[in-house]
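This is run02.cif (mmCIF, C-alpha atoms and all ligand atoms).
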```
data_final
#
loop_
_atom_site.label_atom_id
_atom_site.label_comp_id
_atom_site.auth_asym_id
_atom_site.auth_seq_id
_atom_site.Cartn_x
_atom_site.Cartn_y
_atom_site.Cartn_z
CA MET A 1 36.96 116.95 32.67
CA LYS A 2 40.49 116.70 34.12
CA PRO A 3 42.84 114.12 32.56
CA ILE A 4 42.07 110.45 33.10
CA LEU A 5 44.66 107.72 32.74
CA LEU A 6 42.78 104.61 31.61
CA LEU A 7 44.70 101.35 32.04
CA GLY A 8 43.38 98.93 29.46
CA GLY A 9 43.97 95.69 27.69
CA ILE A 10 40.44 94.25 27.56
CA THR A 11 37.43 94.87 25.32
CA GLU A 12 35.59 96.92 27.93
CA ALA A 13 38.56 99.26 28.34
CA LEU A 14 38.55 99.98 24.61
CA ALA A 15 34.83 100.75 24.80
CA ILE A 16 35.55 103.31 27.54
CA ALA A 17 38.53 104.73 25.60
CA ARG A 18 36.25 105.36 22.61
CA THR A 19 34.25 107.83 24.72
CA LEU A 20 37.26 109.84 25.93
CA GLY A 21 38.43 113.17 24.53
CA PRO A 22 41.97 114.28 23.63
CA GLN A 23 43.03 115.31 27.15
CA HIS A 24 42.75 111.69 28.34
CA ILE A 25 45.22 108.83 27.93
CA TYR A 26 44.51 105.19 27.13
CA SER A 27 47.37 103.02 28.34
CA LEU A 28 48.26 99.60 26.95
CA ALA A 29 51.01 97.15 27.91
CA GLY A 30 51.79 96.50 24.26
CA VAL A 31 50.95 92.80 24.08
CA GLY A 32 47.84 93.13 21.90
CA ARG A 33 46.56 95.30 19.09
CA VAL A 34 46.92 99.06 19.42
CA PRO A 35 43.87 101.02 18.17
CA THR A 36 44.61 103.85 15.77
CA ASP A 37 41.16 105.41 15.57
CA LEU A 38 40.73 106.92 19.04
CA THR A 39 40.24 110.58 19.92
CA CYS A 40 42.10 110.20 23.21
CA GLN A 41 45.86 109.74 23.39
CA VAL A 42 47.21 106.18 23.33
CA ARG A 43 50.32 105.22 25.28
CA VAL A 44 51.98 101.84 24.82
CA GLY A 45 54.37 100.15 27.28
CA GLY A 46 55.05 99.80 30.99
CA TYR A 47 55.97 102.57 33.43
CA GLY A 48 58.65 100.78 35.44
CA GLY A 49 56.51 99.76 38.42
CA ALA A 50 54.34 101.79 40.77
CA GLU A 51 56.99 104.49 41.18
CA GLY A 52 57.25 105.02 37.43
CA LEU A 53 53.47 105.14 37.16
CA ALA A 54 53.31 107.69 40.01
CA ARG A 55 55.91 109.81 38.21
CA PHE A 56 53.89 109.69 34.98
CA ILE A 57 50.72 110.69 36.87
CA GLY A 58 52.50 113.70 38.36
CA GLU A 59 54.13 114.78 35.09
CA HIS A 60 50.86 114.60 33.15
CA GLY A 61 48.55 116.13 35.76
CA ILE A 62 46.39 113.01 35.88
CA ASP A 63 43.35 113.46 38.09
CA LEU A 64 41.82 109.97 37.96
CA LEU A 65 43.38 106.55 37.41
CA LEU A 66 40.91 104.11 35.92
CA ASP A 67 41.99 100.47 36.08
CA ALA A 68 40.21 98.50 33.37
CA THR A 69 42.78 95.75 33.03
CA HIS A 70 42.21 91.99 32.86
CA PRO A 71 41.21 90.32 36.17
CA TYR A 72 44.39 88.19 36.01
CA ALA A 73 46.67 91.19 35.35
CA ALA A 74 47.23 91.59 39.09
CA GLN A 75 50.58 93.37 38.94
CA ILE A 76 49.37 96.43 37.09
CA SER A 77 46.26 96.63 39.32
CA HIS A 78 48.45 96.64 42.44
CA ASN A 79 50.77 99.20 40.83
CA ALA A 80 47.76 101.39 40.02
CA ALA A 81 46.42 101.32 43.57
CA THR A 82 49.89 102.07 44.98
CA ALA A 83 50.62 104.87 42.51
CA ALA A 84 47.26 106.50 43.21
CA ARG A 85 48.02 106.39 46.94
CA MET A 86 51.50 107.85 46.37
CA THR A 87 50.14 110.74 44.31
CA GLY A 88 46.91 111.27 46.25
CA ILE A 89 44.65 110.87 43.21
CA ARG A 90 41.52 108.73 42.92
CA CYS A 91 41.75 105.17 41.64
CA TRP A 92 38.64 103.49 40.25
CA ALA A 93 38.44 100.02 38.78
CA LEU A 94 36.26 98.04 36.43
CA ARG A 95 36.18 94.57 37.99
CA ARG A 96 34.52 92.07 35.72
CA PRO A 97 32.26 89.69 37.64
CA ALA A 98 33.52 86.10 37.60
CA TRP A 99 31.65 83.35 35.77
CA GLN A 100 29.56 81.18 38.09
CA ALA A 101 29.27 77.42 37.71
CA GLN A 102 25.80 76.26 36.70
CA ALA A 103 23.89 73.09 37.50
CA GLY A 104 25.68 70.13 35.93
CA ASP A 105 29.05 71.88 35.67
CA ASP A 106 32.11 70.05 36.95
CA TRP A 107 34.49 72.91 37.74
CA ARG A 108 37.61 72.25 39.79
CA GLU A 109 39.55 75.26 41.02
CA VAL A 110 43.35 75.15 40.92
CA ALA A 111 45.62 77.74 42.53
CA ASP A 112 48.71 77.43 40.33
CA TRP A 113 50.54 75.38 37.72
CA SER A 114 51.59 72.62 40.11
CA GLU A 115 47.99 72.07 41.32
CA LEU A 116 46.90 72.14 37.70
CA VAL A 117 49.35 69.39 36.71
CA ASP A 118 48.07 67.18 39.54
CA ALA A 119 44.44 67.81 38.59
CA LEU A 120 45.23 66.95 34.95
CA GLN A 121 46.47 63.46 35.70
CA PRO A 122 43.24 61.53 34.95
CA PHE A 123 42.85 63.22 31.55
CA ARG A 124 44.30 62.56 28.10
CA ARG A 125 43.26 65.38 25.77
CA PRO A 126 43.25 68.76 27.55
CA LEU A 127 42.39 72.06 25.89
CA PHE A 128 44.41 74.90 27.44
CA THR A 129 42.97 78.40 27.13
CA LEU A 130 45.29 80.16 29.57
CA GLY A 131 47.37 82.16 27.11
CA ARG A 132 51.07 81.51 26.69
CA GLU A 133 52.00 80.10 30.10
CA PRO A 134 51.70 76.38 29.14
CA LEU A 135 54.26 76.93 26.35
CA GLN A 136 57.01 76.80 29.00
CA HIS A 137 55.90 73.29 29.95
CA LEU A 138 55.70 71.54 26.56
CA HIS A 139 58.68 69.31 27.45
CA GLU A 140 56.81 68.09 30.57
CA ILE A 141 53.79 66.61 28.75
CA PRO A 142 53.25 63.04 30.00
CA PRO A 143 53.36 60.40 27.24
CA GLU A 144 49.67 59.55 27.67
CA GLN A 145 48.51 63.15 27.07
CA PHE A 146 48.06 65.19 23.91
CA TRP A 147 47.61 68.91 24.53
CA THR A 148 45.73 71.46 22.48
CA LEU A 149 46.83 74.93 23.43
CA ARG A 150 44.98 78.03 22.29
CA ALA A 151 46.74 81.39 22.53
CA LEU A 152 46.34 84.77 20.83
CA ASP A 153 49.08 83.90 18.32
CA VAL A 154 50.48 80.66 16.90
CA TYR A 155 53.65 79.27 18.49
CA PRO A 156 55.61 76.11 17.70
CA GLY A 157 54.19 73.02 19.43
CA ASN A 158 55.71 69.54 19.46
CA ASP A 159 54.61 65.99 18.68
CA ARG A 160 52.36 65.93 21.76
CA CYS A 161 51.03 69.47 21.56
CA GLU A 162 49.35 71.53 18.89
CA VAL A 163 49.18 75.29 19.35
CA ILE A 164 46.26 77.15 17.84
CA GLY A 165 46.43 80.94 17.41
CA ALA A 166 42.97 82.53 17.71
CA ARG A 167 41.39 85.65 19.15
CA GLY A 168 37.84 85.84 20.51
CA PRO A 169 34.99 86.35 20.39
CA PHE A 170 34.46 82.63 19.81
CA LEU A 171 31.26 81.17 18.37
CA ILE A 172 29.59 78.23 20.04
CA GLU A 173 29.48 76.22 16.78
CA ASP A 174 33.23 76.63 16.37
CA GLU A 175 33.87 75.65 19.98
CA ARG A 176 31.67 72.56 19.54
CA ALA A 177 33.65 71.59 16.43
CA LEU A 178 36.97 72.10 18.24
CA PHE A 179 35.98 69.89 21.20
CA GLU A 180 34.68 67.21 18.81
CA ARG A 181 37.62 67.26 16.39
CA ARG A 182 40.21 67.05 19.18
CA GLN A 183 38.14 64.81 21.49
CA ILE A 184 38.78 67.23 24.35
CA ASP A 185 38.25 65.54 27.74
CA VAL A 186 39.15 68.49 30.01
CA LEU A 187 39.16 72.28 29.57
CA ILE A 188 41.63 74.53 31.37
CA SER A 189 40.58 78.14 31.75
CA LYS A 190 40.99 81.32 33.72
CA ASN A 191 37.78 82.73 35.13
CA SER A 192 37.96 85.82 32.97
CA GLY A 193 34.22 86.52 33.11
CA SER A 194 34.27 87.63 29.46
CA SER A 195 31.29 86.89 27.23
CA ALA A 196 33.71 86.63 24.28
CA THR A 197 35.25 83.44 25.64
CA GLU A 198 32.26 81.99 27.49
CA PRO A 199 30.99 79.58 24.76
CA LYS A 200 33.75 77.06 25.58
CA LEU A 201 32.15 76.65 29.03
CA GLU A 202 28.79 75.99 27.45
CA VAL A 203 30.31 73.29 25.25
CA ALA A 204 32.09 71.73 28.24
CA ARG A 205 28.68 71.66 30.00
CA GLU A 206 26.96 70.07 26.97
CA ARG A 207 29.61 67.38 26.69
CA GLY A 208 30.07 66.72 30.43
CA VAL A 209 33.70 67.80 30.17
CA PRO A 210 35.29 68.94 33.48
CA VAL A 211 36.84 72.42 33.67
CA LEU A 212 40.00 73.18 35.63
CA VAL A 213 39.62 76.82 36.60
CA LEU A 214 42.67 78.84 37.54
CA LYS A 215 41.82 80.81 40.68
CA ARG A 216 41.47 84.56 40.29
CA PRO A 217 44.26 86.62 41.86
CA VAL A 218 43.42 88.93 44.76
CA LEU A 219 43.17 92.52 43.54
CA PRO A 220 43.64 95.65 45.64
CA GLY A 221 40.75 97.64 47.04
CA VAL A 222 40.20 100.97 45.27
CA GLY A 223 38.04 104.04 45.76
CA ARG A 224 35.20 102.82 43.54
CA GLU A 225 34.60 99.54 41.78
CA PHE A 226 32.30 99.02 38.79
CA ARG A 227 30.98 95.87 37.18
CA SER A 228 30.31 97.13 33.66
CA VAL A 229 31.24 99.77 31.09
CA SER A 230 27.86 101.47 31.51
CA GLU A 231 28.43 101.86 35.26
CA VAL A 232 31.83 103.45 34.59
CA LEU A 233 30.43 105.82 31.96
CA ALA A 234 27.61 106.84 34.28
CA ALA A 235 30.12 107.66 37.04
CA LEU A 236 32.31 109.64 34.60
CA SER A 237 29.39 111.74 33.35
CA VAL A 238 28.51 113.23 36.77
P1 LIG B 1 50.51 92.27 34.67
O1 LIG B 1 51.27 91.03 34.98
O2 LIG B 1 49.56 92.76 35.68
O3 LIG B 1 51.49 93.48 34.33
C1 LIG B 1 52.85 93.29 33.96
C2 LIG B 1 53.42 94.63 33.61
O4 LIG B 1 52.96 95.06 32.33
C3 LIG B 1 53.02 95.75 34.54
O5 LIG B 1 53.80 95.75 35.72
C4 LIG B 1 53.24 96.96 33.67
O6 LIG B 1 54.63 97.23 33.51
C5 LIG B 1 52.78 96.46 32.32
N1 LIG B 1 51.37 96.74 32.07
C6 LIG B 1 50.29 95.92 32.25
N2 LIG B 1 49.16 96.51 31.85
C7 LIG B 1 49.50 97.74 31.41
C8 LIG B 1 48.77 98.83 30.87
N3 LIG B 1 47.44 98.75 30.67
N4 LIG B 1 49.46 99.94 30.52
C9 LIG B 1 50.80 99.99 30.68
N5 LIG B 1 51.55 99.01 31.19
C10 LIG B 1 50.91 97.89 31.55
O7 LIG B 1 49.74 92.09 33.30
P2 LIG B 1 49.66 90.86 32.28
O8 LIG B 1 48.88 89.77 32.91
O9 LIG B 1 51.05 90.59 31.75
O10 LIG B 1 48.77 91.51 31.13
C11 LIG B 1 49.32 92.53 30.31
C12 LIG B 1 48.17 93.30 29.69
O11 LIG B 1 47.36 92.41 28.92
C13 LIG B 1 47.27 93.95 30.72
O12 LIG B 1 47.08 95.29 30.35
C14 LIG B 1 45.97 93.18 30.68
O13 LIG B 1 44.85 94.01 30.85
C15 LIG B 1 46.01 92.53 29.30
N6 LIG B 1 45.43 91.18 29.29
C16 LIG B 1 45.89 90.26 30.21
C17 LIG B 1 45.33 88.99 30.21
C18 LIG B 1 45.75 87.96 31.23
O14 LIG B 1 45.20 86.83 31.21
N7 LIG B 1 46.70 88.26 32.12
C19 LIG B 1 44.32 88.66 29.28
C20 LIG B 1 43.89 89.63 28.37
C21 LIG B 1 44.46 90.89 28.39
P3 LIG B 1 55.39 98.31 34.43
O15 LIG B 1 55.50 97.70 35.79
O16 LIG B 1 56.69 98.49 33.73
O17 LIG B 1 54.53 99.54 34.44
#
```

Take the structure I supplied and represent it as structure tokens, if you would.
Amino acid sequence: MKPILLLGGITEALAIARTLGPQHIYSLAGVGRVPTDLTCQVRVGGYGGAEGLARFIGEHGIDLLLDATHPYAAQISHNAATAARMTGIRCWALRRPAWQAQAGDDWREVADWSELVDALQPFRRPLFTLGREPLQHLHEIPPEQFWTLRALDVYPGNDRCEVIGARGPFLIEDERALFERRQIDVLISKNSGSSATEPKLEVARERGVPVLVLKRPVLPGVGREFRSVSEVLAALSV
């Protein structure tokens, strides 16, 4: 098989990387853990935009660009589609299906931070599970709110915000305990579609807690799109 450049950063990407031989490259931005037990090559860090990525593709004789990045990592997905066009190679993508609201769910979609702040007004004890972005807004917390913010790592909070550092997968019992302990009255989440972070939605449903869902970004069209690791592996094996 000719060299594949696999753009990763999510669990499914690592599962694909584990199946790849030494001629292939698994590419990570460098924000999370870097695996050291893979047979394929691992490259860490950005390329300097679509042009840099196109240059790398040319220099390394890449034949297929496989975008298995997070659904909210829109920049790298756009760069991948552009670089593939520039170099005339194929670009395939693993696009995780979004979570769907179920009966009884109170999900409210917000487009950006300013819509989110407006939607938060009626609530007092939000749980943010958006990553680091809310850290920039800790000085804007209204006096009537106390925020709980969960990110991959711990960061300093303030007297109206506690930051929890935790990595999924999360267990439903732990999520139940978190909502109870902190008396969470609204959950803020991306629609990542990941089973590892889904239990919080189940707990919100059980407790009748509304969920403010950050809208998914629009991603570029690519040659082939897959919904699961097994679909990708099946396509790679033919
Ligand atoms: P982003 O905004 O789409 O990308 C920002 C820049 O990071 C890209 O322009 C690129 O730099 C570099 N980059 C991103 N993914 C890369 C990869 N796989 N290999 C090499 N360079 C990469 O992405 P983001 O939202 O900051 O996320 C960064 C990474 O974390 C992604 O790989 C994503 O899969 C993962 N992740 C993101 C989220 C999320 O909620 N956004 C959640 C879990 C995991 P250059 O332009 O210099 O090439």

Worksheet item: With all atoms listed in the file as the atoms that count, which of A:Ile188, A:Leu171, A:Leu135, A:Leu212 lies nearest to Val154 in chain A?
Response: A:Leu135

Take every atom of ligand LIG 1 (chain B) listed in the file, pad by 8 Å on each side, and give me the axis-aligned box centre and edge lengths in Å, one decimal, as JSON.
```
{"center_x": 50.3, "center_y": 93.4, "center_z": 32.1, "size_x": 28.8, "size_y": 29.2, "size_z": 23.4}
```

8 Å from ligand LIG 1 (chain B) is the threshold here; counting all atoms listed in the file, which polymer residues fall inside it? Answer as an mmCIF file with C-alpha atoms, in the coordinates of the input.
```cif
data_model
loop_
_atom_site.group_PDB
_atom_site.id
_atom_site.type_symbol
_atom_site.label_atom_id
_atom_site.label_comp_id
_atom_site.auth_asym_id
_atom_site.auth_seq_id
_atom_site.Cartn_x
_atom_site.Cartn_y
_atom_site.Cartn_z
ATOM 1 C CA LEU A 6 42.780 104.610 31.610
ATOM 2 C CA LEU A 7 44.700 101.350 32.040
ATOM 3 C CA GLY A 8 43.380 98.930 29.460
ATOM 4 C CA GLY A 9 43.970 95.690 27.690
ATOM 5 C CA ILE A 10 40.440 94.250 27.560
ATOM 6 C CA TYR A 26 44.510 105.190 27.130
ATOM 7 C CA SER A 27 47.370 103.020 28.340
ATOM 8 C CA LEU A 28 48.260 99.600 26.950
ATOM 9 C CA ALA A 29 51.010 97.150 27.910
ATOM 10 C CA GLY A 30 51.790 96.500 24.260
ATOM 11 C CA VAL A 31 50.950 92.800 24.080
ATOM 12 C CA GLY A 32 47.840 93.130 21.900
ATOM 13 C CA ARG A 43 50.320 105.220 25.280
ATOM 14 C CA VAL A 44 51.980 101.840 24.820
ATOM 15 C CA GLY A 45 54.370 100.150 27.280
ATOM 16 C CA GLY A 46 55.050 99.800 30.990
ATOM 17 C CA TYR A 47 55.970 102.570 33.430
ATOM 18 C CA GLY A 48 58.650 100.780 35.440
ATOM 19 C CA GLY A 49 56.510 99.760 38.420
ATOM 20 C CA ALA A 50 54.340 101.790 40.770
ATOM 21 C CA GLY A 52 57.250 105.020 37.430
ATOM 22 C CA LEU A 53 53.470 105.140 37.160
ATOM 23 C CA ASP A 67 41.990 100.470 36.080
ATOM 24 C CA ALA A 68 40.210 98.500 33.370
ATOM 25 C CA THR A 69 42.780 95.750 33.030
ATOM 26 C CA HIS A 70 42.210 91.990 32.860
ATOM 27 C CA PRO A 71 41.210 90.320 36.170
ATOM 28 C CA TYR A 72 44.390 88.190 36.010
ATOM 29 C CA ALA A 73 46.670 91.190 35.350
ATOM 30 C CA ALA A 74 47.230 91.590 39.090
ATOM 31 C CA GLN A 75 50.580 93.370 38.940
ATOM 32 C CA ILE A 76 49.370 96.430 37.090
ATOM 33 C CA SER A 77 46.260 96.630 39.320
ATOM 34 C CA HIS A 78 48.450 96.640 42.440
ATOM 35 C CA ASN A 79 50.770 99.200 40.830
ATOM 36 C CA LEU A 130 45.290 80.160 29.570
ATOM 37 C CA GLY A 131 47.370 82.160 27.110
ATOM 38 C CA LYS A 190 40.990 81.320 33.720
ATOM 39 C CA SER A 192 37.960 85.820 32.970
#
```

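Atom pair CA of Ile16 in chain A / CA of Ala84 in chain A has a distance of 19.8 Å (rounded to one decimal).
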
Item to complete: For the point (33.5, 62.6, 29.4) in the file's frame, write as a list in words all residues with an atom no more than 10 Å away, counting all atoms listed in the file.
Response: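 Returned residue set, sorted by chain then number, is Phe123, Gln183, Ile184, Asp185, Val186, Ala204, Arg207, Gly208, Val209 and Pro210 of chain A.
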
Residue subset to file, keeping C-alpha atoms, as a short mmCIF file (atom, residue, chain, number, x, y, z; two decimals), in the coordinates of the input:
```
data_model
loop_
_atom_site.label_atom_id
_atom_site.label_comp_id
_atom_site.auth_asym_id
_atom_site.auth_seq_id
_atom_site.Cartn_x
_atom_site.Cartn_y
_atom_site.Cartn_z
CA PHE A 123 42.85 63.22 31.55
CA GLN A 183 38.14 64.81 21.49
CA ILE A 184 38.78 67.23 24.35
CA ASP A 185 38.25 65.54 27.74
CA VAL A 186 39.15 68.49 30.01
CA ALA A 204 32.09 71.73 28.24
CA ARG A 207 29.61 67.38 26.69
CA GLY A 208 30.07 66.72 30.43
CA VAL A 209 33.70 67.80 30.17
CA PRO A 210 35.29 68.94 33.48
#
```

Discussion item. One number please: CA of Asn158 in chain A to CA of Ser114 in chain A, in Å, one decimal.
Written reply: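 Here the two named atoms are 21.3 Å from each other.
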
Please return, as a PDB file with C-alpha atoms, in the coordinates of the input, all polymer residues that have at least one atom within 8 Å of the point (49.3, 67.4, 17.6); use only C-alpha atoms and the file's own coordinate frame.
```pdb
ATOM      1  CA  PHE A 146      48.060  65.190  23.910  1.00  0.00           C
ATOM      2  CA  TRP A 147      47.610  68.910  24.530  1.00  0.00           C
ATOM      3  CA  THR A 148      45.730  71.460  22.480  1.00  0.00           C
ATOM      4  CA  GLY A 157      54.190  73.020  19.430  1.00  0.00           C
ATOM      5  CA  ASN A 158      55.710  69.540  19.460  1.00  0.00           C
ATOM      6  CA  ASP A 159      54.610  65.990  18.680  1.00  0.00           C
ATOM      7  CA  ARG A 160      52.360  65.930  21.760  1.00  0.00           C
ATOM      8  CA  CYS A 161      51.030  69.470  21.560  1.00  0.00           C
ATOM      9  CA  GLU A 162      49.350  71.530  18.890  1.00  0.00           C
TER      10      GLU A 162
END
```

Practice prompt. Go through A:Glu133, A:Asp174, A:Asp118, A:Asp112 one by one, measure the shortest atom-to-atom distance of each to Leu214 in chain A using all atoms listed in the file, and give the residue with the smallest value.
Written response: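 The shortest atom-to-atom distance to Leu214 in chain A comes from A:Asp112.
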
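If you measure from each of A:Pro3, A:Gly168, A:Pro134, A:Pro199 to Glu59 in chain A using all atoms listed in the file, the closest one turns out to be A:Pro3.
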
Any idea what's packed within 7 Å of Val229 in chain A, counting all atoms listed in the file, ignoring anything in its chain fewer than 3 positions away? Could you give it as a PDB file with C-alpha atoms, keeping the file's coordinate frame?
```pdb
ATOM      1  CA  GLU A  12      35.590  96.920  27.930  1.00  0.00           C
ATOM      2  CA  ILE A  16      35.550 103.310  27.540  1.00  0.00           C
ATOM      3  CA  VAL A 232      31.830 103.450  34.590  1.00  0.00           C
ATOM      4  CA  LEU A 233      30.430 105.820  31.960  1.00  0.00           C
TER       5      LEU A 233
END
```

Fill in: Which of A:Val42, A:Leu65, A:Ile164, A:Leu14 sits closest to Lys2 in chain A [using only C-alpha atoms]
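Smallest distance to Lys2 in chain A is found for A:Leu65.
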
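A straight line drawn from CA of Leu187 in chain A to CA of Pro97 in chain A is 20.4 Å long.
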
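If you measure from each of A:Ala98, A:Thr197, A:Thr129, A:Ile172 to Pro217 in chain A using all atoms listed in the file, the closest one turns out to be A:Ala98.
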
Worksheet item: Which residues come within 8 Å of Arg227 in chain A, counting only C-alpha atoms, excluding same-chain residues fewer than 3 positions away, as an MDAnalysis selection string?
Response: chainID A and resid 94:97 231

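Distance check against Thr11 in chain A using all atoms listed in the file: of A:Pro220, A:Ala234, A:Leu138, A:Pro169, the minimum falls on A:Pro169.
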
Reconstructed range 167-186 of chain A, atom set N, CA, C and O atoms, as a compact mmCIF listing (two decimals), in the frame of the given file:
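Everything below was put into part.txt:
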```txt
# COMPACT_ATOMS: atom_id res chain seq x y z
N ARG A 167 41.88 84.59 18.26
CA ARG A 167 41.39 85.65 19.15
C ARG A 167 39.88 85.63 19.18
O ARG A 167 39.25 85.46 18.16
N GLY A 168 39.29 85.81 20.39
CA GLY A 168 37.84 85.84 20.51
C GLY A 168 37.28 87.08 19.85
O GLY A 168 38.05 87.93 19.38
N PRO A 169 35.97 87.25 19.79
CA PRO A 169 34.99 86.35 20.39
C PRO A 169 34.86 85.03 19.63
O PRO A 169 35.00 84.98 18.42
N PHE A 170 34.60 83.96 20.38
CA PHE A 170 34.46 82.63 19.81
C PHE A 170 32.98 82.26 19.70
O PHE A 170 32.19 82.58 20.59
N LEU A 171 32.65 81.58 18.59
CA LEU A 171 31.26 81.17 18.37
C LEU A 171 31.05 79.77 18.92
O LEU A 171 31.95 78.92 18.82
N ILE A 172 29.86 79.53 19.43
CA ILE A 172 29.59 78.23 20.04
C ILE A 172 29.75 77.08 19.04
O ILE A 172 30.31 76.04 19.37
N GLU A 173 29.35 77.31 17.78
CA GLU A 173 29.48 76.22 16.78
C GLU A 173 30.95 75.86 16.58
O GLU A 173 31.31 74.70 16.43
N ASP A 174 31.80 76.89 16.57
CA ASP A 174 33.23 76.63 16.37
C ASP A 174 33.83 75.91 17.59
O ASP A 174 34.69 75.04 17.45
N GLU A 175 33.37 76.30 18.77
CA GLU A 175 33.87 75.65 19.98
C GLU A 175 33.42 74.18 20.01
O GLU A 175 34.19 73.29 20.36
N ARG A 176 32.17 73.95 19.59
CA ARG A 176 31.67 72.56 19.54
C ARG A 176 32.55 71.73 18.60
O ARG A 176 32.94 70.61 18.93
N ALA A 177 32.85 72.32 17.43
CA ALA A 177 33.65 71.59 16.43
C ALA A 177 35.05 71.31 16.97
O ALA A 177 35.61 70.23 16.75
N LEU A 178 35.62 72.28 17.69
CA LEU A 178 36.97 72.10 18.24
C LEU A 178 36.99 70.96 19.27
O LEU A 178 37.86 70.08 19.22
N PHE A 179 36.03 70.96 20.18
CA PHE A 179 35.98 69.89 21.20
C PHE A 179 35.79 68.52 20.52
O PHE A 179 36.40 67.53 20.95
N GLU A 180 34.96 68.48 19.48
CA GLU A 180 34.68 67.21 18.81
C GLU A 180 35.91 66.72 18.04
O GLU A 180 36.33 65.57 18.16
N ARG A 181 36.48 67.62 17.25
CA ARG A 181 37.62 67.26 16.39
C ARG A 181 38.79 66.74 17.22
O ARG A 181 39.45 65.80 16.87
N ARG A 182 39.03 67.39 18.37
CA ARG A 182 40.21 67.05 19.18
C ARG A 182 39.86 66.11 20.33
O ARG A 182 40.72 65.81 21.14
N GLN A 183 38.57 65.73 20.41
CA GLN A 183 38.14 64.81 21.49
C GLN A 183 38.61 65.31 22.86
O GLN A 183 39.20 64.56 23.66
N ILE A 184 38.35 66.59 23.11
CA ILE A 184 38.78 67.23 24.35
C ILE A 184 38.08 66.57 25.55
O ILE A 184 36.86 66.41 25.55
N ASP A 185 38.87 66.16 26.55
CA ASP A 185 38.25 65.54 27.74
C ASP A 185 38.40 66.40 28.99
O ASP A 185 37.87 66.05 30.05
N VAL A 186 39.10 67.54 28.90
CA VAL A 186 39.15 68.49 30.01
C VAL A 186 39.52 69.86 29.44
O VAL A 186 40.32 69.96 28.52
```
